[in-house]
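To start, the structure itself, in structure tokens.
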Amino acid sequence: MIPAPAFLANPERFMAFSRWAAPMFGALAAILAVAGLYLGFTAPEDYQQGQTIRIMFIHVPAAQIAMFAYVCLGVASFLALVFRHTLADAAAQACAPLGAAFTFLALVTGSLWGRPMWGTWWEWDARMTSVLVLFLLYLAYMALRASLDDEAKAGRAAAILALVGVINLPIIHYSVEWWNSLHQGSTILAEGGPAMPAVFLTPLLLMSLAYLSAFGSLWLVRIRGELWRRRAQALELKAARA
């Protein structure tokens, strides 16, 4: 077996790190969210979208974290398959429900934003459809893990599914460029700099950082919980065999 990197080889080190890191990221998320929401909801109306522009501060960061969480899921799944280490597998298992939740939030807020802007709650364009596929991939990952009694086999099968699903990420990112879409192109990473006034860009960046910090905090907490569950399960099996 290939030796696991040091940061994956010692769950105790992770538990010590996450004990203080999880609340720190949680507090940071709360501070950033308060600042971002205050600046976002006190900003002037957009000349085209009016008050509806404020949905952006909830929707865009949710969509960003939905994709970022899947990157984390893919990396953790790859490491679990290659190194067969408990922490990587636990990280993947803990990540999927969070990714599904952020993706669901992105879909719902996108629909709420789309109704007044496009005149429809849903349109089967490339961006929306590929994000829906992302949500279904999260659900399929969780369902596959839950469907097999053998946890090791379930982890390997789900990891393979997660890695296959990574191909959807560039489809989401480039869907606006590759196909006709109701969505506009990137305004933050546009050539020549952000194509968005600072009065909207600043709260959007703050909310993006808030979502990222919240995801980090929740992920660490869920990994800790998963490790404790596995330890308790191992102790029960050991006691049963004694």
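In the structure tokens, chains take the letters A, B, ... in the order shown, each chain's residues start at 1, and ligands count up from 1 in the order shown.
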
Show me a table, sorted first by chain and then by increasing residue number, of the residues of region 94-155 of chain A having an atom at most 12 Å from region 50-54 of chain A, each with its shortest atom pair and the distance in Å to one decimal, counting only C-alpha atoms and written as CSV.
residue,atom,partner,partner_atom,distance
A:Thr109,CA,A:Arg54,CA,10.7
A:Gly110,CA,A:Thr52,CA,11.2
A:Ser111,CA,A:Thr52,CA,11.9
A:Leu112,CA,A:Thr52,CA,9.1
A:Trp113,CA,A:Thr52,CA,6.7
A:Gly114,CA,A:Thr52,CA,9.5
A:Arg115,CA,A:Thr52,CA,10.1
A:Pro116,CA,A:Thr52,CA,7.8
A:Met117,CA,A:Thr52,CA,8.3
A:Trp118,CA,A:Thr52,CA,11.9

Residues from the last selection, N, CA and C atoms, saved as a PDB file, in the first residue's frame:
ATOM      1  N   THR A 109     -32.497  29.674  -4.980  1.00  0.00           N
ATOM      2  CA  THR A 109     -32.312  31.119  -5.117  1.00  0.00           C
ATOM      3  C   THR A 109     -32.170  31.521  -6.577  1.00  0.00           C
ATOM      4  N   GLY A 110     -31.587  30.651  -7.392  1.00  0.00           N
ATOM      5  CA  GLY A 110     -31.509  30.939  -8.822  1.00  0.00           C
ATOM      6  C   GLY A 110     -32.889  30.997  -9.451  1.00  0.00           C
ATOM      7  N   SER A 111     -33.766  30.094  -9.005  1.00  0.00           N
ATOM      8  CA  SER A 111     -35.134  30.100  -9.512  1.00  0.00           C
ATOM      9  C   SER A 111     -35.864  31.368  -9.090  1.00  0.00           C
ATOM     10  N   LEU A 112     -35.674  31.777  -7.825  1.00  0.00           N
ATOM     11  CA  LEU A 112     -36.306  33.001  -7.325  1.00  0.00           C
ATOM     12  C   LEU A 112     -35.785  34.240  -8.061  1.00  0.00           C
ATOM     13  N   TRP A 113     -34.528  34.209  -8.430  1.00  0.00           N
ATOM     14  CA  TRP A 113     -33.926  35.319  -9.169  1.00  0.00           C
ATOM     15  C   TRP A 113     -34.374  35.312 -10.627  1.00  0.00           C
ATOM     16  N   GLY A 114     -34.515  34.103 -11.174  1.00  0.00           N
ATOM     17  CA  GLY A 114     -34.846  33.985 -12.582  1.00  0.00           C
ATOM     18  C   GLY A 114     -36.269  34.394 -12.916  1.00  0.00           C
ATOM     19  N   ARG A 115     -37.196  34.186 -11.975  1.00  0.00           N
ATOM     20  CA  ARG A 115     -38.605  34.486 -12.272  1.00  0.00           C
ATOM     21  C   ARG A 115     -38.823  35.951 -12.656  1.00  0.00           C
ATOM     22  N   PRO A 116     -38.350  36.936 -11.873  1.00  0.00           N
ATOM     23  CA  PRO A 116     -38.571  38.329 -12.272  1.00  0.00           C
ATOM     24  C   PRO A 116     -37.657  38.790 -13.409  1.00  0.00           C
ATOM     25  N   MET A 117     -36.482  38.146 -13.539  1.00  0.00           N
ATOM     26  CA  MET A 117     -35.526  38.587 -14.561  1.00  0.00           C
ATOM     27  C   MET A 117     -35.805  37.979 -15.930  1.00  0.00           C
ATOM     28  N   TRP A 118     -36.136  36.695 -15.952  1.00  0.00           N
ATOM     29  CA  TRP A 118     -36.315  35.985 -17.218  1.00  0.00           C
ATOM     30  C   TRP A 118     -37.770  35.625 -17.500  1.00  0.00           C
TER      31      TRP A 118
END

Mind the document's chain letters and residue numbers, and return as a ChimeraX atom specification the residues of region 98-156 of chain A that DSSP labels alpha helix (DSSP H).
/A:98-118,126-147,151-156

Store the residues of this selection in a file with C-alpha atoms, as an mmCIF file, in the first residue's frame.
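Saved file selection.cif follows:
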data_model
loop_
_atom_site.group_PDB
_atom_site.id
_atom_site.type_symbol
_atom_site.label_atom_id
_atom_site.label_comp_id
_atom_site.auth_asym_id
_atom_site.auth_seq_id
_atom_site.Cartn_x
_atom_site.Cartn_y
_atom_site.Cartn_z
ATOM 1 C CA LEU A 98 -22.920 19.855 2.636
ATOM 2 C CA GLY A 99 -22.375 20.060 -1.104
ATOM 3 C CA ALA A 100 -25.940 18.921 -1.724
ATOM 4 C CA ALA A 101 -27.280 21.581 0.649
ATOM 5 C CA PHE A 102 -25.343 24.414 -1.009
ATOM 6 C CA THR A 103 -26.335 23.181 -4.470
ATOM 7 C CA PHE A 104 -29.998 23.042 -3.438
ATOM 8 C CA LEU A 105 -29.722 26.601 -2.104
ATOM 9 C CA ALA A 106 -28.174 27.714 -5.394
ATOM 10 C CA LEU A 107 -30.985 26.098 -7.388
ATOM 11 C CA VAL A 108 -33.744 27.602 -5.236
ATOM 12 C CA THR A 109 -32.312 31.119 -5.117
ATOM 13 C CA GLY A 110 -31.509 30.939 -8.822
ATOM 14 C CA SER A 111 -35.134 30.100 -9.512
ATOM 15 C CA LEU A 112 -36.306 33.001 -7.325
ATOM 16 C CA TRP A 113 -33.926 35.319 -9.169
ATOM 17 C CA GLY A 114 -34.846 33.985 -12.582
ATOM 18 C CA ARG A 115 -38.605 34.486 -12.272
ATOM 19 C CA PRO A 116 -38.571 38.329 -12.272
ATOM 20 C CA MET A 117 -35.526 38.587 -14.561
ATOM 21 C CA TRP A 118 -36.315 35.985 -17.218
ATOM 22 C CA ALA A 126 -26.871 24.384 -20.025
ATOM 23 C CA ARG A 127 -25.938 26.138 -16.766
ATOM 24 C CA MET A 128 -29.090 25.292 -14.852
ATOM 25 C CA THR A 129 -29.215 21.730 -16.150
ATOM 26 C CA SER A 130 -25.570 21.023 -15.299
ATOM 27 C CA VAL A 131 -26.042 22.416 -11.772
ATOM 28 C CA LEU A 132 -29.096 20.172 -11.381
ATOM 29 C CA VAL A 133 -26.892 17.254 -12.476
ATOM 30 C CA LEU A 134 -24.409 18.304 -9.778
ATOM 31 C CA PHE A 135 -27.177 18.107 -7.177
ATOM 32 C CA LEU A 136 -28.187 14.664 -8.433
ATOM 33 C CA LEU A 137 -24.554 13.511 -8.246
ATOM 34 C CA TYR A 138 -24.428 14.474 -4.582
ATOM 35 C CA LEU A 139 -27.660 12.582 -3.941
ATOM 36 C CA ALA A 140 -26.401 9.557 -5.887
ATOM 37 C CA TYR A 141 -23.163 9.539 -3.888
ATOM 38 C CA MET A 142 -25.062 9.538 -0.590
ATOM 39 C CA ALA A 143 -27.562 6.942 -1.796
ATOM 40 C CA LEU A 144 -24.803 4.610 -3.002
ATOM 41 C CA ARG A 145 -22.982 4.783 0.331
ATOM 42 C CA ALA A 146 -26.205 4.095 2.188
ATOM 43 C CA SER A 147 -27.214 1.181 -0.055
ATOM 44 C CA GLU A 151 -18.689 0.296 4.502
ATOM 45 C CA ALA A 152 -15.373 -0.289 2.724
ATOM 46 C CA LYS A 153 -17.050 -1.391 -0.506
ATOM 47 C CA ALA A 154 -19.549 1.457 -0.229
ATOM 48 C CA GLY A 155 -16.722 3.956 0.162
ATOM 49 C CA ARG A 156 -14.838 2.645 -2.882
#

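Shortest atom-to-atom contact with Tyr70 (chain A) among A:Arg229, A:Val164, A:Ala240, A:Leu218: A:Val164, counting only C-alpha atoms.
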
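Interatomic distance, CA of Pro203 (chain A) to CA of Ile172 (chain A): 24.0 Å.
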